[in-house]
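In what follows, a single structure is set out as structure tokens and then discussed.
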Number of protein chains: 2
Amino acid sequence: MADSAPVQNPPPEQPAPAEGAEAPKGPSKNELKKRAKEEEKARKAAEKAARQAELEAQKAAAEVDYAKDFYGKLPLNQSQTRERRERVQIASLNPNMDGQTVLLRARVQTSRAQGSKMVFLNLRQRTDSVQALLTVAPEKVSKQMAKWAASLQIESIVLAEGVVKKAPEFIKSATVGDVELHLTKLYLISGLDTVLPFTVDDANRPEPPETEAEDVQFKRVLLDTRLNNRVVDLRTQTNQAVFKLQHAIGHLFREFLDSKGFTEIHSPKLQGAATESGASVFQVSYFKGKAFLAQSPQLAKQMAIAADFERVYEIGPVFRAEDSNTHRHMTEFIGLDLEMAIEEHYHEVMELLDGLFLHMFRSLKEKYSKEIETVRKQFPAEEFKWRDGPEGTLKLSFKEAVDLLVEDGVPREDLDDIDTVNEKRLGRIVRAKYDTDYFIIDKFPLALRPFYTMPDPEDPTVSNSYDFFMRGEEILSGAQRIHDAKLLAEQMRGKGIDPASMSYYLEAFKLGCPPHGGGGIGLERVLMLFLKLNNIRRASLFPRDPKRLEP
Amino acid sequence: MADSAPVQNPPPEQPAPAEGAEAPKGPSKNELKKRAKEEEKARKAAEKAARQAELEAQKAAAEVDYAKDFYGKLPLNQSQTRERRERVQIASLNPNMDGQTVLLRARVQTSRAQGSKMVFLNLRQRTDSVQALLTVAPEKVSKQMAKWAASLQIESIVLAEGVVKKAPEFIKSATVGDVELHLTKLYLISGLDTVLPFTVDDANRPEPPETEAEDVQFKRVLLDTRLNNRVVDLRTQTNQAVFKLQHAIGHLFREFLDSKGFTEIHSPKLQGAATESGASVFQVSYFKGKAFLAQSPQLAKQMAIAADFERVYEIGPVFRAEDSNTHRHMTEFIGLDLEMAIEEHYHEVMELLDGLFLHMFRSLKEKYSKEIETVRKQFPAEEFKWRDGPEGTLKLSFKEAVDLLVEDGVPREDLDDIDTVNEKRLGRIVRAKYDTDYFIIDKFPLALRPFYTMPDPEDPTVSNSYDFFMRGEEILSGAQRIHDAKLLAEQMRGKGIDPASMSYYLEAFKLGCPPHGGGGIGLERVLMLFLKLNNIRRASLFPRDPKRLEP
């Protein structure tokens, strides 16, 4: 550019006169004079600026960048070398490390230049962030280095070396606010090759408080944008915490059941026949024939009991071809399923499940309070409440639950079943009366339950079945099962199912099977309701619904 | 029967004279006399027996069954009552309990009457069994009770009460052989309503030693019979142990990775596009459109890395629409997958995976020796060997592996790839030379690997990828991945994949992604090879292959 003539601004274009408007007069002599003067002034200023730029360029060319090895883009990492130099976690930084030089890989969350000699970067690793500072200094940090650092696109991944310093005052914009990092080296590991759909900072802002109509247009659009760009959305501190908590729930589920003598099983998702309820099953092309995706591991886990496994659990995908576009339905979700032999009474199962939930709630509160706090900043919610005293978990019979709703004003004739609206209402009644977000309803009417549900020994209209609730939404459904092949076949016929269509299942009970019961839990529902995320898609890594198969 | 006339034996039928044979003469007078005498004798004996039977029946009718409350079929357990009486595990029985009365639920494995006053039962719970003895005794065990006990069909489930007694000598037919149970009560919980396809005893017998042609007709039929009746087959002590070990492998996988800071993820199995390799993907009817079943969590786990999850694992089903009917292929199996960010070099991943396998091998040997022993009784095999000393796991480059095969006589021109036959051969060479069943091959030719594999930084024909082997079969495949969107798109095009068809995946890398690598392990393969079960179907609860979708 030093050789080229300074570019002059072209004279401003005259707007064409609007049709039918008064024809403008020509400019006055004074005006022409004034314009010529201004043009001359602009030309001189441009010439001066050009000379200045030329000089600076010459100066810069003369000035050796003493920091040129301390910054810049690294070659594509193809595992060229292995120095085995330790890299630290931001979460581990603390004032006791004052003066130590550390190396770390992080995202650039924000970048802000202060003049030409100082750049502030917010560096992020998952849920943790720290402020980093780059200051021009002789032999160490050059102006070129500062300029380069200031130009880094946010969400770039950098390798940063710096000295840990006690922060002069607590830095609110970082999660590790009592130290800052004085950068000595800064390299780009991976940059961006696209425009960010939104910033992680924006995606991490608190949600507006929940309204009753939670699927209003504004929020739906926002959530869709997030889900369309899930890779960026998942980087928020909130989502990093949500999925640490998802992992925790699975871990606690297994931990509790392992301690109770359960065996983990993996049952096939490809099925030869459409079972349970044919209406909502996905069909698969299977070589020259067809198969169906399992709607639950129900049949397999019961067969495992007939095969003497005694106590089994499974964590795996569950497929539902229901065209439901609500805040709590997905076409694929993770089922936490269990089944166990009964010695005397199905309440053995119900109580074990209750113990399982209490173990999860207690451990989440004890061990994951940091993550829960992080989520709450974006999704403000009252803390999840359960009865942890000697009185134990609240257990209502279906009849008692109906009575509570009738007392509250719901017409009894509407309550053959309790629909989702009345479930929520019941949740509020129970919260007000018993101060708990978690309770059990036992003894559902037999007619409401699947064919394999064991009837009550005395009242044939009632069954040995239960649902568990969190914040007024069902999160577990379970029961004692019929383990007698004759009664089972009878019940199938009663519900219009041809026993011959489920012969392998029926055969398992003809071969002798202990009394047993179990339940199925929706992992994402538990996560959503514990954290009050208000939409189940937020509790799924890459959610699937009737309208979404990507990303 | 007491009222009916004694049935006389019909006279023995005369054989028809053979054609052309000499016509027989009539019987002599002496003979006739002798016959009449014999007939008279038989008649008298029969009359006597009938009188005797009548007397006994009268006696029995008169005789009150003093034990009638101590045995019989229980009503269908619908949770009528809850006594909360403790039931014990057979495995817990021991000579120190001599004289204690215990209650337990078990299967009748065998039943054998000795005269009319004593019945021996072998009672089984999963991998454990004990001998139980029922002896007629006044006021306690009646003859009727003994007769009923002797009539119990094997595989019936009983509730047994008895007194623990030190065994006079070790009972070889039971796993708990130092005690026996003297029964005082015996009830039927669940009987059989069908004919057993085979006994559990038969199904538990040692397999014939493995031959090179392991899919010979005899064994295939046997396995098919087992799989068609999997519920009974799974009851064998071998299978109970196999699936405890399957649980153990999953548990150890998670335990190790949890300790290394990994997060468990659940990625969707329903995909919007047929990815990776379109040829072997199952298609699903999805409302008015279509979807595809994920062939691996490859894309999702890499996207999780781009979303800052750093280290992730997943245990879940993997679907392959390959029409392969071999001992090691299934259309659905469980993938143990992991992916992690790399700091400097992809060997960080390879070494972590090696550490994972060593953790699994060591823990299986230490904590599950009983189960391994149980399986070995049916599937005799040399103990699985690995190098556990300071020299570490054997790591060969692909080139070194080829050299070993060439040295052994394989023509080099056959070794552009190492096929399954040569893999097995290599396994034998390595076992002989290095005394290990477990080793790693590193640096595969780039052309043999998927498009997302990172090329070697110096030799573009080679890649940063590795396979792990057990007993000469591949059990893990992994690599450093390309995290640069431009190079990735280029490699896609090179393999004939349109980058636009995987836009969500590609986009993840445009948004900045750390260098990363990982691998996928087949759960059933590890189980099969560690135990030398010789067919992968034995390592799957309800296996699926091109010809099998049930049970």
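By convention in this document, the chains of the structure tokens carry letters A, B, ... by their order, each chain's residues are numbered from 1, and ligands are numbered from 1 in the order they are shown.
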(Q) Quick one: residues within 6 Å of Asp437 (chain B), only C-alpha atoms, excluding same-chain residues fewer than 6 positions away - as a list in words? (A)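 Here the qualifying residues turn out to be Lys385, Trp386, Arg431, Met470 and Arg471 of chain B.
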Q.
Near chain B, meaning an atom within 7 Å, which residues of chain A appear when counting only C-alpha atoms? Write them as a PyMOL selection string.
A. chain A and resi 77-82+126+155-157+190-194+231-232+234-235+244+247+263-268+270-272+282-286+303+306-308+316+344-346+454+456-457+504+508+510-515+541-542+549-551
Q | Contact residues around Lys260 (chain B) with only C-alpha atoms at 12 Å, ignoring same-chain residues under 6 positions, as a list in words | A |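 Surrounding residues, per the criterion: Phe253, Arg254, Glu310, Arg311, Val312, Tyr313, Leu338, Met340, Val349, Leu352, Leu353, Gly355 and Leu356 of chain B.
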According to DSSP computed on the backbone, where in region 30-150 of chain B is there strand (DSSP E)? Give the residues as a short mmCIF file (atom, residue, chain, number, x, y, z; two decimals) with N, CA and C atoms, in the first residue's frame.
```cif
data_model
loop_
_atom_site.label_atom_id
_atom_site.label_comp_id
_atom_site.auth_asym_id
_atom_site.auth_seq_id
_atom_site.Cartn_x
_atom_site.Cartn_y
_atom_site.Cartn_z
N TYR B 71 -47.24 -78.46 53.15
CA TYR B 71 -46.87 -78.55 51.73
C TYR B 71 -48.06 -78.20 50.85
N GLY B 72 -47.79 -78.11 49.55
CA GLY B 72 -48.86 -77.86 48.60
C GLY B 72 -48.62 -76.61 47.77
N LYS B 73 -49.55 -76.39 46.86
CA LYS B 73 -49.42 -75.23 45.97
C LYS B 73 -49.95 -74.00 46.68
N THR B 101 -33.15 -73.02 61.54
CA THR B 101 -34.23 -73.17 60.56
C THR B 101 -34.21 -71.97 59.62
N VAL B 102 -34.22 -72.24 58.33
CA VAL B 102 -34.19 -71.15 57.35
C VAL B 102 -35.33 -71.31 56.35
N LEU B 103 -35.64 -70.20 55.67
CA LEU B 103 -36.68 -70.20 54.65
C LEU B 103 -36.05 -69.66 53.36
N LEU B 104 -36.33 -70.32 52.25
CA LEU B 104 -35.79 -69.81 50.99
C LEU B 104 -36.67 -70.16 49.80
N ARG B 105 -36.55 -69.31 48.75
CA ARG B 105 -37.21 -69.56 47.48
C ARG B 105 -36.17 -70.05 46.49
N ALA B 106 -36.48 -71.13 45.78
CA ALA B 106 -35.49 -71.70 44.86
C ALA B 106 -36.17 -72.49 43.76
N ARG B 107 -35.40 -72.83 42.74
CA ARG B 107 -35.88 -73.74 41.70
C ARG B 107 -35.56 -75.16 42.11
N VAL B 108 -36.41 -76.10 41.71
CA VAL B 108 -36.10 -77.52 41.85
C VAL B 108 -35.24 -77.92 40.64
N GLN B 109 -33.96 -78.16 40.89
CA GLN B 109 -33.07 -78.51 39.77
C GLN B 109 -33.19 -80.00 39.45
N THR B 110 -33.21 -80.84 40.51
CA THR B 110 -33.45 -82.27 40.33
C THR B 110 -34.26 -82.76 41.52
N SER B 111 -34.93 -83.87 41.32
CA SER B 111 -35.75 -84.46 42.37
C SER B 111 -35.63 -85.97 42.24
N ARG B 112 -35.40 -86.65 43.37
CA ARG B 112 -35.18 -88.10 43.31
C ARG B 112 -35.74 -88.72 44.58
N ALA B 113 -36.72 -89.63 44.43
CA ALA B 113 -37.29 -90.31 45.59
C ALA B 113 -36.46 -91.55 45.90
N GLN B 114 -36.26 -91.81 47.19
CA GLN B 114 -35.60 -93.04 47.60
C GLN B 114 -36.62 -93.80 48.42
N MET B 118 -38.37 -91.06 51.54
CA MET B 118 -37.30 -90.08 51.46
C MET B 118 -37.23 -89.49 50.05
N VAL B 119 -37.07 -88.15 49.99
CA VAL B 119 -36.93 -87.47 48.70
C VAL B 119 -35.72 -86.55 48.77
N PHE B 120 -34.86 -86.66 47.75
CA PHE B 120 -33.73 -85.74 47.63
C PHE B 120 -34.04 -84.71 46.56
N LEU B 121 -33.89 -83.45 46.92
CA LEU B 121 -34.09 -82.38 45.95
C LEU B 121 -32.80 -81.59 45.84
N ASN B 122 -32.45 -81.18 44.62
CA ASN B 122 -31.37 -80.22 44.46
C ASN B 122 -32.03 -78.87 44.22
N LEU B 123 -31.82 -77.93 45.14
CA LEU B 123 -32.44 -76.61 45.04
C LEU B 123 -31.44 -75.60 44.50
N ARG B 124 -31.86 -74.76 43.57
CA ARG B 124 -30.93 -73.87 42.87
C ARG B 124 -31.38 -72.41 42.94
N GLN B 125 -30.41 -71.55 43.20
CA GLN B 125 -30.61 -70.09 43.05
C GLN B 125 -29.46 -69.58 42.20
N ASP B 128 -25.87 -70.93 42.49
CA ASP B 128 -25.67 -71.70 43.71
C ASP B 128 -26.72 -72.78 43.88
N SER B 129 -26.30 -73.92 44.47
CA SER B 129 -27.28 -74.97 44.72
C SER B 129 -26.94 -75.70 46.02
N VAL B 130 -27.97 -76.32 46.59
CA VAL B 130 -27.79 -77.06 47.85
C VAL B 130 -28.68 -78.30 47.80
N GLN B 131 -28.26 -79.34 48.48
CA GLN B 131 -29.09 -80.54 48.54
C GLN B 131 -30.10 -80.42 49.68
N ALA B 132 -31.36 -80.74 49.37
CA ALA B 132 -32.41 -80.73 50.40
C ALA B 132 -32.98 -82.13 50.50
N LEU B 133 -33.41 -82.47 51.70
CA LEU B 133 -33.79 -83.84 52.03
C LEU B 133 -35.14 -83.79 52.73
N LEU B 134 -36.05 -84.62 52.25
CA LEU B 134 -37.36 -84.69 52.90
C LEU B 134 -37.54 -86.11 53.39
N THR B 135 -37.70 -86.30 54.70
CA THR B 135 -37.79 -87.64 55.26
C THR B 135 -39.09 -87.76 56.05
#
```
Q: Output as a PyMOL selection string all residues of region 327-369 of chain B that backbone DSSP marks as helix (DSSP H, G or I).
A: chain B and resi 347-367+369
Selected residues written out with N, CA, C and O atoms, as an mmCIF file, in the first residue's frame:
```cif
data_model
loop_
_atom_site.group_PDB
_atom_site.id
_atom_site.type_symbol
_atom_site.label_atom_id
_atom_site.label_comp_id
_atom_site.auth_asym_id
_atom_site.auth_seq_id
_atom_site.Cartn_x
_atom_site.Cartn_y
_atom_site.Cartn_z
ATOM 1 N N HIS B 347 -1.444 -40.402 21.311
ATOM 2 C CA HIS B 347 -1.097 -41.531 22.190
ATOM 3 C C HIS B 347 -1.646 -41.356 23.605
ATOM 4 O O HIS B 347 -1.762 -42.332 24.347
ATOM 5 N N GLU B 348 -1.999 -40.117 23.947
ATOM 6 C CA GLU B 348 -2.709 -39.912 25.230
ATOM 7 C C GLU B 348 -3.985 -40.759 25.262
ATOM 8 O O GLU B 348 -4.325 -41.345 26.288
ATOM 9 N N VAL B 349 -4.685 -40.802 24.142
ATOM 10 C CA VAL B 349 -5.936 -41.576 24.068
ATOM 11 C C VAL B 349 -5.634 -43.073 24.083
ATOM 12 O O VAL B 349 -6.249 -43.845 24.820
ATOM 13 N N MET B 350 -4.652 -43.454 23.262
ATOM 14 C CA MET B 350 -4.316 -44.878 23.156
ATOM 15 C C MET B 350 -3.875 -45.418 24.524
ATOM 16 O O MET B 350 -4.253 -46.522 24.910
ATOM 17 N N GLU B 351 -3.118 -44.612 25.240
ATOM 18 C CA GLU B 351 -2.637 -45.063 26.548
ATOM 19 C C GLU B 351 -3.770 -45.103 27.571
ATOM 20 O O GLU B 351 -3.798 -45.997 28.424
ATOM 21 N N LEU B 352 -4.686 -44.161 27.495
ATOM 22 C CA LEU B 352 -5.838 -44.210 28.394
ATOM 23 C C LEU B 352 -6.667 -45.466 28.124
ATOM 24 O O LEU B 352 -7.098 -46.163 29.050
ATOM 25 N N LEU B 353 -6.866 -45.787 26.854
ATOM 26 C CA LEU B 353 -7.626 -46.990 26.498
ATOM 27 C C LEU B 353 -6.903 -48.242 26.992
ATOM 28 O O LEU B 353 -7.533 -49.185 27.481
ATOM 29 N N ASP B 354 -5.585 -48.238 26.873
ATOM 30 C CA ASP B 354 -4.811 -49.370 27.378
ATOM 31 C C ASP B 354 -5.001 -49.498 28.895
ATOM 32 O O ASP B 354 -5.241 -50.586 29.423
ATOM 33 N N GLY B 355 -4.935 -48.361 29.583
ATOM 34 C CA GLY B 355 -5.155 -48.369 31.033
ATOM 35 C C GLY B 355 -6.540 -48.908 31.386
ATOM 36 O O GLY B 355 -6.711 -49.645 32.366
ATOM 37 N N LEU B 356 -7.510 -48.556 30.559
ATOM 38 C CA LEU B 356 -8.882 -49.027 30.761
ATOM 39 C C LEU B 356 -8.954 -50.555 30.662
ATOM 40 O O LEU B 356 -9.537 -51.218 31.519
ATOM 41 N N PHE B 357 -8.334 -51.111 29.623
ATOM 42 C CA PHE B 357 -8.369 -52.572 29.470
ATOM 43 C C PHE B 357 -7.628 -53.273 30.606
ATOM 44 O O PHE B 357 -8.098 -54.282 31.124
ATOM 45 N N LEU B 358 -6.491 -52.734 30.987
ATOM 46 C CA LEU B 358 -5.749 -53.361 32.089
ATOM 47 C C LEU B 358 -6.583 -53.330 33.371
ATOM 48 O O LEU B 358 -6.618 -54.307 34.128
ATOM 49 N N HIS B 359 -7.281 -52.211 33.594
ATOM 50 C CA HIS B 359 -8.154 -52.114 34.770
ATOM 51 C C HIS B 359 -9.242 -53.196 34.703
ATOM 52 O O HIS B 359 -9.533 -53.856 35.704
ATOM 53 N N MET B 360 -9.798 -53.397 33.526
ATOM 54 C CA MET B 360 -10.863 -54.406 33.390
ATOM 55 C C MET B 360 -10.297 -55.807 33.611
ATOM 56 O O MET B 360 -10.857 -56.593 34.375
ATOM 57 N N PHE B 361 -9.193 -56.119 32.963
ATOM 58 C CA PHE B 361 -8.618 -57.468 33.089
ATOM 59 C C PHE B 361 -8.245 -57.782 34.541
ATOM 60 O O PHE B 361 -8.565 -58.837 35.073
ATOM 61 N N ARG B 362 -7.555 -56.832 35.164
ATOM 62 C CA ARG B 362 -7.108 -57.061 36.556
ATOM 63 C C ARG B 362 -8.301 -57.242 37.487
ATOM 64 O O ARG B 362 -8.320 -58.142 38.321
ATOM 65 N N SER B 363 -9.288 -56.369 37.347
ATOM 66 C CA SER B 363 -10.428 -56.426 38.266
ATOM 67 C C SER B 363 -11.249 -57.686 38.042
ATOM 68 O O SER B 363 -11.756 -58.278 39.002
ATOM 69 N N LEU B 364 -11.398 -58.100 36.790
ATOM 70 C CA LEU B 364 -12.148 -59.333 36.521
ATOM 71 C C LEU B 364 -11.458 -60.502 37.212
ATOM 72 O O LEU B 364 -12.104 -61.326 37.857
ATOM 73 N N LYS B 365 -10.152 -60.559 37.068
ATOM 74 C CA LYS B 365 -9.397 -61.669 37.662
ATOM 75 C C LYS B 365 -9.489 -61.639 39.192
ATOM 76 O O LYS B 365 -9.678 -62.677 39.835
ATOM 77 N N GLU B 366 -9.383 -60.437 39.743
ATOM 78 C CA GLU B 366 -9.377 -60.311 41.207
ATOM 79 C C GLU B 366 -10.747 -60.538 41.831
ATOM 80 O O GLU B 366 -10.874 -61.206 42.846
ATOM 81 N N LYS B 367 -11.773 -59.925 41.242
ATOM 82 C CA LYS B 367 -13.074 -59.867 41.919
ATOM 83 C C LYS B 367 -14.107 -60.851 41.374
ATOM 84 O O LYS B 367 -15.150 -61.031 41.982
ATOM 85 N N SER B 369 -13.367 -64.124 40.063
ATOM 86 C CA SER B 369 -12.760 -65.426 39.749
ATOM 87 C C SER B 369 -13.773 -66.557 39.866
ATOM 88 O O SER B 369 -13.727 -67.521 39.117
#
```
Q: Figure out the distance between CA of Gly478 (chain A) and CA of Val421 (chain A), please, to one decimal in Å.
A: 21.0 Å
